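Source file: query_28.txt (compact mmCIF, C-alpha atoms)
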```
# COMPACT_ATOMS: atom_id res chain seq x y z
CA MET A 1 7.37 -16.18 -1.85
CA ALA A 2 9.97 -18.79 -0.94
CA THR A 3 8.69 -21.94 0.71
CA ARG A 4 11.96 -23.68 1.57
CA PRO A 5 12.08 -25.55 4.86
CA MET A 6 14.58 -23.85 7.14
CA THR A 7 17.02 -25.26 9.60
CA GLY A 8 16.66 -23.83 13.10
CA GLY A 9 19.28 -21.41 14.31
CA MET A 10 20.45 -20.46 10.83
CA THR A 11 17.31 -18.58 9.84
CA GLY A 12 18.90 -15.17 10.29
CA THR A 13 21.74 -15.68 7.88
CA THR A 14 19.87 -17.72 5.31
CA ALA A 15 16.73 -15.73 4.58
CA ASP A 16 16.41 -15.67 0.82
CA TRP A 17 16.23 -12.39 -1.13
CA ARG A 18 12.67 -13.40 -2.04
CA ASP A 19 11.84 -13.31 1.67
CA PHE A 20 13.02 -9.71 1.86
CA LEU A 21 10.91 -8.94 -1.19
CA ALA A 22 7.87 -10.59 0.48
CA LEU A 23 8.49 -8.40 3.52
CA THR A 24 7.71 -5.32 1.41
CA LYS A 25 4.16 -6.56 0.56
CA PRO A 26 4.59 -6.20 -3.23
CA ARG A 27 0.89 -6.63 -3.96
CA VAL A 28 -0.16 -3.76 -1.73
CA MET A 29 2.66 -1.75 -3.26
CA SER A 30 1.18 -1.93 -6.77
CA LEU A 31 -1.83 0.20 -5.77
CA VAL A 32 0.39 2.60 -3.84
CA VAL A 33 2.73 3.02 -6.81
CA PHE A 34 -0.14 3.49 -9.24
CA THR A 35 -1.95 6.15 -7.17
CA GLY A 36 1.37 7.93 -6.57
CA LEU A 37 2.13 7.87 -10.29
CA CYS A 38 -1.32 9.27 -11.09
CA GLY A 39 -0.83 12.07 -8.56
CA LEU A 40 2.43 12.90 -10.28
CA LEU A 41 0.99 12.72 -13.81
CA ALA A 42 -2.09 14.79 -12.92
CA ALA A 43 0.06 17.60 -11.55
CA PRO A 44 0.22 20.72 -13.75
CA ALA A 45 4.02 20.77 -13.79
CA SER A 46 6.62 19.01 -15.85
CA ILE A 47 9.21 16.92 -14.09
CA HIS A 48 12.29 15.28 -15.60
CA PRO A 49 11.46 11.62 -16.39
CA VAL A 50 14.42 10.37 -14.33
CA LEU A 51 13.26 12.40 -11.31
CA ALA A 52 9.67 11.22 -11.86
CA PHE A 53 10.90 7.63 -11.91
CA THR A 54 12.93 8.25 -8.76
CA ALA A 55 9.90 9.75 -7.01
CA ILE A 56 7.77 6.70 -7.79
CA LEU A 57 10.64 4.40 -6.80
CA CYS A 58 10.88 6.22 -3.45
CA ILE A 59 7.14 5.88 -2.86
CA ALA A 60 7.49 2.13 -3.54
CA LEU A 61 10.56 1.79 -1.30
CA GLY A 62 8.90 3.78 1.48
CA ALA A 63 5.78 1.61 1.27
CA GLY A 64 8.05 -1.45 1.27
CA GLY A 65 9.92 -0.23 4.36
CA ALA A 66 6.63 0.46 6.16
CA GLY A 67 5.35 -2.99 5.13
CA ALA A 68 8.51 -4.63 6.49
CA LEU A 69 8.18 -2.79 9.81
CA ASN A 70 4.51 -3.79 9.95
CA GLN A 71 5.45 -7.45 9.50
CA TRP A 72 8.26 -7.10 12.03
CA TYR A 73 5.79 -5.83 14.63
CA GLU A 74 2.95 -8.19 13.74
CA ALA A 75 4.75 -11.54 13.45
CA ASP A 76 2.85 -12.80 16.52
CA LEU A 77 -0.49 -12.00 14.84
CA ASP A 78 0.54 -13.24 11.40
CA ILE A 79 1.37 -16.69 12.74
CA LYS A 80 -2.26 -17.10 13.87
CA MET A 81 -3.85 -16.28 10.50
CA LYS A 82 -3.96 -18.61 7.51
CA ARG A 83 -3.61 -15.69 5.10
CA THR A 84 -0.35 -14.51 6.68
CA ALA A 85 1.19 -17.59 8.37
CA ASN A 86 3.58 -18.19 5.47
CA ARG A 87 5.15 -14.72 5.63
CA PRO A 88 8.94 -14.86 6.22
CA LEU A 89 8.85 -14.08 9.97
CA PRO A 90 5.98 -16.31 11.17
CA ALA A 91 7.24 -19.12 8.92
CA GLY A 92 10.67 -18.87 10.58
CA ARG A 93 12.64 -18.11 7.42
CA MET A 94 14.02 -14.83 8.76
CA ASP A 95 15.02 -13.48 12.16
CA ARG A 96 13.28 -10.41 13.58
CA GLN A 97 16.38 -8.24 13.63
CA SER A 98 16.97 -8.62 9.89
CA ALA A 99 13.39 -7.53 9.23
CA LEU A 100 13.74 -4.53 11.55
CA HIS A 101 17.01 -3.39 10.00
CA PHE A 102 15.65 -3.88 6.50
CA GLY A 103 12.48 -1.90 7.27
CA VAL A 104 14.23 1.00 9.00
CA GLY A 105 16.96 1.13 6.35
CA LEU A 106 14.52 1.12 3.45
CA SER A 107 12.35 3.81 5.08
CA PHE A 108 15.25 6.21 5.74
CA PHE A 109 16.76 5.59 2.32
CA SER A 110 13.46 6.27 0.49
CA VAL A 111 12.82 9.55 2.34
CA ILE A 112 16.35 10.89 1.90
CA LEU A 113 16.52 9.91 -1.77
CA LEU A 114 13.12 11.52 -2.47
CA GLY A 115 14.21 14.72 -0.71
CA VAL A 116 17.48 14.92 -2.64
CA ALA A 117 15.96 14.00 -6.02
CA THR A 118 12.77 16.11 -5.87
CA ASN A 119 11.92 18.26 -2.84
CA TRP A 120 11.65 18.03 0.94
CA LEU A 121 7.89 18.63 1.03
CA ALA A 122 7.34 15.38 -0.87
CA ALA A 123 9.93 13.66 1.34
CA SER A 124 8.21 14.95 4.51
CA ILE A 125 4.83 13.60 3.37
CA LEU A 126 6.47 10.24 2.59
CA ALA A 127 8.07 10.20 6.06
CA ALA A 128 4.72 11.12 7.65
CA SER A 129 2.95 8.31 5.77
CA ILE A 130 5.54 5.71 6.88
CA LEU A 131 5.40 6.90 10.50
CA PHE A 132 1.60 6.97 10.39
CA TYR A 133 1.39 3.42 9.04
CA VAL A 134 3.90 2.00 11.49
CA PHE A 135 3.10 3.87 14.72
CA VAL A 136 -0.53 5.03 14.41
CA TYR A 137 -1.96 2.06 12.47
CA THR A 138 0.26 -0.94 13.30
CA VAL A 139 1.34 -0.20 16.85
CA TRP A 140 -1.50 1.92 18.21
CA LEU A 141 -4.81 1.23 16.46
CA LYS A 142 -4.79 -2.21 14.87
CA ARG A 143 -5.05 -4.26 18.05
CA ARG A 144 -7.17 -1.78 19.99
CA THR A 145 -10.15 -0.56 17.99
CA PRO A 146 -12.39 -1.58 15.08
CA GLN A 147 -11.76 1.93 13.75
CA ASN A 148 -8.21 0.73 13.00
CA ILE A 149 -8.57 0.69 9.24
CA VAL A 150 -10.71 3.85 9.10
CA ILE A 151 -8.02 6.05 10.63
CA GLY A 152 -5.17 3.83 9.40
CA GLY A 153 -6.52 4.22 5.86
CA ALA A 154 -4.91 7.65 5.82
CA ALA A 155 -1.51 5.96 5.47
CA GLY A 156 -2.52 4.46 2.13
CA ALA A 157 -4.06 7.74 0.99
CA PHE A 158 -0.80 9.71 0.96
CA PRO A 159 0.78 8.53 -2.36
CA PRO A 160 -1.15 10.89 -4.71
CA LEU A 161 -0.15 13.79 -2.45
CA ILE A 162 3.49 12.66 -2.56
CA GLY A 163 3.44 12.28 -6.35
CA TRP A 164 1.83 15.71 -6.78
CA ALA A 165 4.22 17.35 -4.31
CA ALA A 166 7.22 15.73 -6.04
CA ALA A 167 6.20 17.33 -9.34
CA THR A 168 5.00 20.75 -8.16
CA GLY A 169 6.60 21.33 -4.74
CA ASP A 170 3.21 22.15 -3.22
CA ILE A 171 -0.16 20.70 -2.23
CA ALA A 172 -3.39 21.60 -4.05
CA PRO A 173 -7.13 20.82 -3.74
CA LEU A 174 -7.09 18.02 -6.36
CA PRO A 175 -4.55 15.76 -4.61
CA LEU A 176 -6.37 16.47 -1.33
CA ALA A 177 -9.61 15.27 -2.97
CA LEU A 178 -7.77 12.14 -4.16
CA PHE A 179 -6.50 11.66 -0.60
CA ALA A 180 -10.12 11.81 0.61
CA LEU A 181 -11.19 9.33 -2.07
CA ILE A 182 -8.69 6.67 -0.92
CA PHE A 183 -9.36 7.49 2.73
CA PHE A 184 -13.12 6.80 2.44
CA TRP A 185 -12.60 3.92 -0.01
CA THR A 186 -10.51 1.99 2.52
CA PRO A 187 -13.32 1.01 4.99
CA PRO A 188 -15.68 -0.61 2.44
CA HIS A 189 -12.67 -2.25 0.74
CA PHE A 190 -11.27 -3.78 3.94
CA TRP A 191 -14.57 -4.61 5.61
CA ALA A 192 -15.73 -6.53 2.52
CA LEU A 193 -12.57 -8.62 2.98
CA ALA A 194 -13.06 -8.82 6.76
CA LEU A 195 -16.56 -10.27 6.25
CA PHE A 196 -15.26 -13.37 4.51
CA VAL A 197 -12.01 -13.81 6.49
CA ARG A 198 -13.69 -13.01 9.80
CA THR A 199 -12.68 -16.23 11.56
CA ASP A 200 -9.04 -15.56 10.71
CA TYR A 201 -9.15 -12.12 12.36
CA ALA A 202 -11.16 -13.49 15.32
CA ASN A 203 -8.58 -16.25 15.91
CA ALA A 204 -5.77 -13.72 15.91
CA GLY A 205 -7.67 -11.39 18.27
CA VAL A 206 -7.68 -8.46 15.83
CA PRO A 207 -10.71 -6.26 16.62
CA MET A 208 -11.95 -5.96 13.05
CA LEU A 209 -15.48 -4.58 12.82
CA PRO A 210 -17.26 -7.91 11.97
CA VAL A 211 -15.55 -9.50 14.99
CA VAL A 212 -16.41 -6.70 17.44
CA ALA A 213 -19.68 -5.19 16.19
CA GLY A 214 -21.06 -8.12 14.20
CA GLU A 215 -21.81 -8.63 10.54
CA VAL A 216 -25.02 -6.63 10.31
CA ALA A 217 -23.34 -3.50 11.65
CA THR A 218 -20.37 -4.07 9.31
CA ARG A 219 -22.65 -4.36 6.28
CA ARG A 220 -24.42 -1.15 7.26
CA GLN A 221 -21.11 0.65 7.74
CA ILE A 222 -19.85 -0.56 4.36
CA PHE A 223 -22.74 1.20 2.69
CA GLY A 224 -22.41 4.29 4.89
CA TYR A 225 -18.75 4.76 4.02
CA THR A 226 -19.49 4.05 0.36
CA ALA A 227 -21.91 7.00 0.41
CA ILE A 228 -19.22 9.29 1.87
CA MET A 229 -16.71 7.89 -0.63
CA ALA A 230 -19.12 8.76 -3.44
CA VAL A 231 -19.12 12.38 -2.30
CA ALA A 232 -15.30 12.36 -2.24
CA ALA A 233 -15.29 10.75 -5.71
CA MET A 234 -17.51 13.50 -7.14
CA ALA A 235 -15.76 16.33 -5.28
CA PRO A 236 -13.17 16.99 -8.04
CA VAL A 237 -16.03 17.50 -10.53
CA LEU A 238 -18.16 19.63 -8.20
CA LEU A 239 -15.14 21.79 -7.37
CA ARG A 240 -14.35 22.06 -11.09
CA LEU A 241 -10.90 20.55 -10.59
CA THR A 242 -11.49 17.99 -13.34
CA GLY A 243 -13.53 17.79 -16.51
CA LEU A 244 -16.05 15.61 -18.28
CA VAL A 245 -13.85 12.52 -18.73
CA TYR A 246 -13.34 12.15 -14.99
CA GLY A 247 -16.90 13.25 -14.20
CA LEU A 248 -18.57 10.61 -16.38
CA SER A 249 -16.11 7.88 -15.33
CA ALA A 250 -16.58 8.70 -11.65
CA LEU A 251 -20.36 8.69 -12.01
CA LEU A 252 -20.45 5.30 -13.72
CA LEU A 253 -17.75 3.56 -11.65
CA THR A 254 -19.00 4.92 -8.32
CA GLY A 255 -22.57 3.97 -9.29
CA ILE A 256 -21.49 0.34 -9.79
CA PHE A 257 -19.59 0.48 -6.48
CA ALA A 258 -22.72 1.77 -4.71
CA VAL A 259 -24.91 -0.99 -6.21
CA LEU A 260 -22.44 -3.71 -5.12
CA ALA A 261 -22.11 -2.15 -1.66
CA PHE A 262 -25.90 -1.93 -1.36
CA GLN A 263 -26.25 -5.63 -2.23
CA VAL A 264 -23.73 -6.48 0.48
CA SER A 265 -25.46 -4.19 3.00
CA VAL A 266 -28.86 -5.89 2.72
CA ARG A 267 -27.59 -9.50 2.79
CA ARG A 268 -27.51 -11.58 5.98
CA GLU A 269 -25.16 -14.38 4.96
CA SER A 270 -22.67 -15.56 7.56
CA ASP A 271 -21.09 -18.54 5.77
CA PRO A 272 -17.84 -17.29 4.14
CA ALA A 273 -18.14 -19.96 1.45
CA ARG A 274 -21.36 -18.34 0.23
CA MET A 275 -20.19 -14.75 0.30
CA LYS A 276 -19.92 -14.20 -3.43
CA PRO A 277 -21.25 -10.61 -3.45
CA GLU A 278 -18.82 -9.70 -0.67
CA ARG A 279 -15.91 -11.13 -2.65
CA ARG A 280 -17.19 -9.33 -5.74
CA LEU A 281 -17.29 -6.00 -3.88
CA PHE A 282 -13.75 -6.56 -2.60
CA ALA A 283 -12.42 -7.41 -6.08
CA TYR A 284 -14.31 -4.53 -7.70
CA SER A 285 -13.04 -2.05 -5.09
CA ILE A 286 -9.46 -2.63 -6.25
CA PHE A 287 -10.43 -2.36 -9.92
CA TYR A 288 -12.42 0.79 -9.05
CA LEU A 289 -9.49 2.63 -7.53
CA PHE A 290 -7.24 1.81 -10.49
CA LEU A 291 -9.83 3.10 -12.97
CA MET A 292 -10.68 6.23 -10.98
CA PHE A 293 -7.04 7.27 -10.81
CA GLY A 294 -6.59 6.37 -14.46
CA ALA A 295 -9.57 8.64 -15.19
CA VAL A 296 -7.97 11.57 -13.34
CA VAL A 297 -4.87 11.32 -15.52
CA ALA A 298 -6.86 10.75 -18.73
CA ASP A 299 -8.97 13.79 -17.88
CA ARG A 300 -5.91 15.97 -17.35
CA TRP A 301 -4.42 14.87 -20.66
CA VAL A 302 -7.64 15.33 -22.60
CA MET A 303 -8.29 18.77 -21.10
CA ALA A 304 -4.69 19.80 -21.80
CA MET B 1 25.05 -28.70 10.15
CA THR B 2 25.10 -31.45 7.53
CA GLU B 3 26.86 -31.03 4.23
CA ASP B 4 23.54 -30.62 2.39
CA GLU B 5 22.38 -27.92 4.80
CA GLU B 6 25.64 -26.04 4.41
CA LYS B 7 25.32 -26.23 0.62
CA GLN B 8 21.85 -24.78 0.82
CA VAL B 9 23.00 -21.96 3.10
CA ARG B 10 25.89 -21.12 0.76
CA ALA B 11 23.57 -21.13 -2.26
CA THR B 12 21.17 -18.74 -0.49
CA GLN B 13 24.04 -16.46 0.54
CA ARG B 14 25.33 -16.45 -3.02
CA SER B 15 21.95 -15.50 -4.49
CA ARG B 16 21.51 -12.76 -1.85
CA ALA B 17 24.96 -11.38 -2.66
CA LEU B 18 24.20 -11.36 -6.38
CA VAL B 19 20.88 -9.56 -5.88
CA THR B 20 22.56 -7.01 -3.58
CA ALA B 21 25.29 -6.43 -6.16
CA ALA B 22 22.73 -5.95 -8.92
CA LEU B 23 20.77 -3.46 -6.78
CA LEU B 24 23.92 -1.51 -5.92
CA GLY B 25 24.82 -1.38 -9.61
CA ALA B 26 21.35 -0.10 -10.44
CA LEU B 27 21.66 2.58 -7.74
CA VAL B 28 24.99 3.75 -9.16
CA VAL B 29 23.32 4.21 -12.56
CA LEU B 30 20.29 5.90 -10.96
CA PHE B 31 22.42 8.37 -8.97
CA TYR B 32 24.39 9.18 -12.12
CA LEU B 33 21.16 9.86 -14.04
CA ILE B 34 19.69 11.95 -11.17
CA THR B 35 22.87 14.04 -11.13
CA ILE B 36 22.69 14.63 -14.88
CA ALA B 37 18.97 15.53 -14.62
CA LYS B 38 19.66 17.93 -11.76
CA ILE B 39 22.53 19.64 -13.59
CA GLY B 40 20.44 19.93 -16.74
CA GLY B 41 17.44 21.31 -14.84
CA GLY B 42 19.49 23.72 -12.71
```
Just dump the structure as C-alpha cells.
Amino acid sequence: MATRPMTGGMTGTTADWRDFLALTKPRVMSLVVFTGLCGLLAAPASIHPVLAFTAILCIALGAGGAGALNQWYEADLDIKMKRTANRPLPAGRMDRQSALHFGVGLSFFSVILLGVATNWLAASILAASILFYVFVYTVWLKRRTPQNIVIGGAAGAFPPLIGWAAATGDIAPLPLALFALIFFWTPPHFWALALFVRTDYANAGVPMLPVVAGEVATRRQIFGYTAIMAVAAMAPVLLRLTGLVYGLSALLLTGIFAVLAFQVSVRRESDPARMKPERRLFAYSIFYLFLMFGAVVADRWVMA
Amino acid sequence: MTEDEEKQVRATQRSRALVTAALLGALVVLFYLITIAKIGGG
C-alpha cells in the first residue's frame, strides 16, 4: 500500500495505482480466488483452461469491485480504526468518486465478462454475491446488528458455487455443502479476530458481538458455530459426495479447529495482548479453509 | 502547487497510465484467447 503524503485538493487526480489495488482488498481476495478455483476444479466437467482462468479472474475482479464499494461506503468507519485508517480513502490519497467509479466499473465488467466467457448462471451468482456484500452486509447489516458477519458471511461463501457453475452450468449438492462450510466458518473466524481488536470496533461504533454482547457470549458463540461448521464440514462425506481423502482430512482438520475453538470458549481473558489462543484460532481458521478446499480437489482427483 | 509537487503528480499520472496501458494490453490478449477457445469449443 502506498504511504506517500498527499497534497490537499489534488488527491483525486493523483491516487497511485497501488491505491486502486489496495481498494480491492487483495488479501481477502486470495481466499476468495482459492475457494472459487477449488469449486471449479472439483466440478465433474472439463472446461477450457483459458475459460477457467477467465472465470477465476472474474471472481477476483468481482470481489475486488465489491471490496472497493465496501471501502467507498465505509470510509467514515475506516478512519476510526487503526487496522483500516491507512486505506486510500481514510488516508486522503483518493477521492470518493474515483473509488465509487472504480468499484462499480469493476463489478459490472467482471459479471459481463464471466457471462460472455462461461455462462450466465455463474455470472448471476457473481452478481448476487457482489450485491449481497455491498447492500446486505455493508449498507444494511454491518452498522446495525452483531449478526452482521453471520448473514454477511454468505457473500464470501459464493465463490465455490461460481467456480462450479462456470464449469458445469448448474448447481449441485457438493458446491452447496462447500457454501455451507464457508458460511458457518465465517462467525468463528471473524469473532476470534473481533475478540482481540475489540477496542478498534468499539471506537468505530461497529456492533461486533464482543462489543454488544460481551466476550463471554462471543466465546460461547464461537464454539457453537464451530459445532455447526463441523457438521457442514462432514456433510460431503455423509452424503457420499466425496471420498476417503476428504473424509479423513476433514475429520483431522475440523478436530483441531474444534479443540482450538473449545480452548477459546472456556477462557476469560480480556487483555488483547494476552490473547494468544484467540490469535491462534484466527490464524488456524484461514489455514483450515485452504486445506479443506485443497482436500476437496485432491479427493476428486484421487477418486477419478 | 510547487514544482516538486507538480513533479510528483506527473510521476503518479505516468505510472497510472502505464499500468492502465499494460492492463488494456493484457485484456486484448485475453479476449483474443477467449474467442479462440470459444470457436474451438463450439
Compile a residue-level contact table for chain B against chain A at a cut-off of 8 Å, reporting for every qualifying residue the shortest atom pair and its distance in Å to one decimal, with all atoms listed in the file counted, rows ordered by chain and ascending number, as a Markdown table.
```
| residue | atom | partner | partner_atom | distance |
| --- | --- | --- | --- | --- |
| B:Glu5 | CA | A:Thr7 | CA | 7.7 |
| B:Val9 | CA | A:Thr14 | CA | 5.7 |
| B:Thr12 | CA | A:Asp16 | CA | 5.8 |
| B:Gln13 | CA | A:Thr14 | CA | 6.5 |
| B:Ser15 | CA | A:Trp17 | CA | 7.3 |
| B:Arg16 | CA | A:Trp17 | CA | 5.3 |
| B:Val19 | CA | A:Trp17 | CA | 7.2 |
| B:Leu33 | CA | A:Val50 | CA | 6.8 |
| B:Ile34 | CA | A:Val50 | CA | 6.3 |
| B:Ala37 | CA | A:His48 | CA | 6.8 |
| B:Lys38 | CA | A:Ala117 | CA | 7.9 |
| B:Gly41 | CA | A:His48 | CA | 8.0 |
```
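Here atom CA of Thr35 of chain B stands at a distance of 14.9 Å from atom CA of Ile112 of chain A.
The shell of residues at most 8 Å from segment 219-234 of chain A, with all atoms listed in the file counted and near chain neighbours (fewer than 6 positions) removed, consists of A:Ala177, A:Leu178, A:Ala180, A:Leu181, A:Phe184, A:Trp185, A:Pro187, A:Pro188, A:Trp191, A:Ala192, A:Gly247, A:Ala250, A:Leu251, A:Thr254, A:Phe257, A:Ala258, A:Ala261, A:Phe262, A:Val264, A:Ser265, A:Val266, A:Arg267.
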Could you please determine the separation between atom CA of Asp76 of chain A and atom CA of Tyr201 of chain A in Å, to one decimal place?
-> 12.7 Å
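Distance-wise, atom CA of Asn203 of chain A and atom CA of Trp140 of chain A end up 19.6 Å apart.
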Excluding Gly65 of chain A and any residue of its chain fewer than 6 positions from it, enumerate the residues within 8 Å of it, using all atoms listed in the file, and give them as a PyMOL selection string.
-> chain A and resi 24+102-107+130
Using the structure just given, write a file holding N, CA and C atoms for segment 242-254 of chain A, as a PDB file, in the first residue's frame.
```
ATOM      1  N   THR A 242     -18.083 -37.027  -1.454  1.00  0.00           N
ATOM      2  CA  THR A 242     -16.619 -37.105  -1.535  1.00  0.00           C
ATOM      3  C   THR A 242     -16.168 -38.426  -0.933  1.00  0.00           C
ATOM      4  N   GLY A 243     -14.889 -38.706  -1.072  1.00  0.00           N
ATOM      5  CA  GLY A 243     -14.366 -39.992  -0.614  1.00  0.00           C
ATOM      6  C   GLY A 243     -13.517 -39.895   0.638  1.00  0.00           C
ATOM      7  N   LEU A 244     -12.621 -40.877   0.750  1.00  0.00           N
ATOM      8  CA  LEU A 244     -11.817 -41.061   1.956  1.00  0.00           C
ATOM      9  C   LEU A 244     -10.816 -39.921   2.182  1.00  0.00           C
ATOM     10  N   VAL A 245     -10.212 -39.437   1.092  1.00  0.00           N
ATOM     11  CA  VAL A 245      -9.195 -38.383   1.229  1.00  0.00           C
ATOM     12  C   VAL A 245      -9.787 -37.161   1.920  1.00  0.00           C
ATOM     13  N   TYR A 246     -10.954 -36.726   1.412  1.00  0.00           N
ATOM     14  CA  TYR A 246     -11.609 -35.574   2.038  1.00  0.00           C
ATOM     15  C   TYR A 246     -12.092 -35.942   3.437  1.00  0.00           C
ATOM     16  N   GLY A 247     -12.672 -37.124   3.577  1.00  0.00           N
ATOM     17  CA  GLY A 247     -13.246 -37.533   4.859  1.00  0.00           C
ATOM     18  C   GLY A 247     -12.223 -37.499   5.982  1.00  0.00           C
ATOM     19  N   LEU A 248     -11.047 -38.113   5.731  1.00  0.00           N
ATOM     20  CA  LEU A 248     -10.009 -38.155   6.776  1.00  0.00           C
ATOM     21  C   LEU A 248      -9.449 -36.756   7.043  1.00  0.00           C
ATOM     22  N   SER A 249      -9.207 -36.000   5.953  1.00  0.00           N
ATOM     23  CA  SER A 249      -8.690 -34.633   6.117  1.00  0.00           C
ATOM     24  C   SER A 249      -9.663 -33.791   6.930  1.00  0.00           C
ATOM     25  N   ALA A 250     -10.953 -33.891   6.571  1.00  0.00           N
ATOM     26  CA  ALA A 250     -11.967 -33.070   7.243  1.00  0.00           C
ATOM     27  C   ALA A 250     -12.040 -33.430   8.722  1.00  0.00           C
ATOM     28  N   LEU A 251     -11.958 -34.734   9.000  1.00  0.00           N
ATOM     29  CA  LEU A 251     -12.038 -35.190  10.394  1.00  0.00           C
ATOM     30  C   LEU A 251     -10.886 -34.616  11.221  1.00  0.00           C
ATOM     31  N   LEU A 252      -9.676 -34.735  10.673  1.00  0.00           N
ATOM     32  CA  LEU A 252      -8.487 -34.270  11.397  1.00  0.00           C
ATOM     33  C   LEU A 252      -8.478 -32.740  11.541  1.00  0.00           C
ATOM     34  N   LEU A 253      -8.666 -32.055  10.397  1.00  0.00           N
ATOM     35  CA  LEU A 253      -8.569 -30.582  10.410  1.00  0.00           C
ATOM     36  C   LEU A 253      -9.683 -29.948  11.243  1.00  0.00           C
ATOM     37  N   THR A 254     -10.896 -30.504  11.127  1.00  0.00           N
ATOM     38  CA  THR A 254     -12.022 -29.954  11.888  1.00  0.00           C
ATOM     39  C   THR A 254     -11.852 -30.265  13.375  1.00  0.00           C
TER      40      THR A 254
END
```
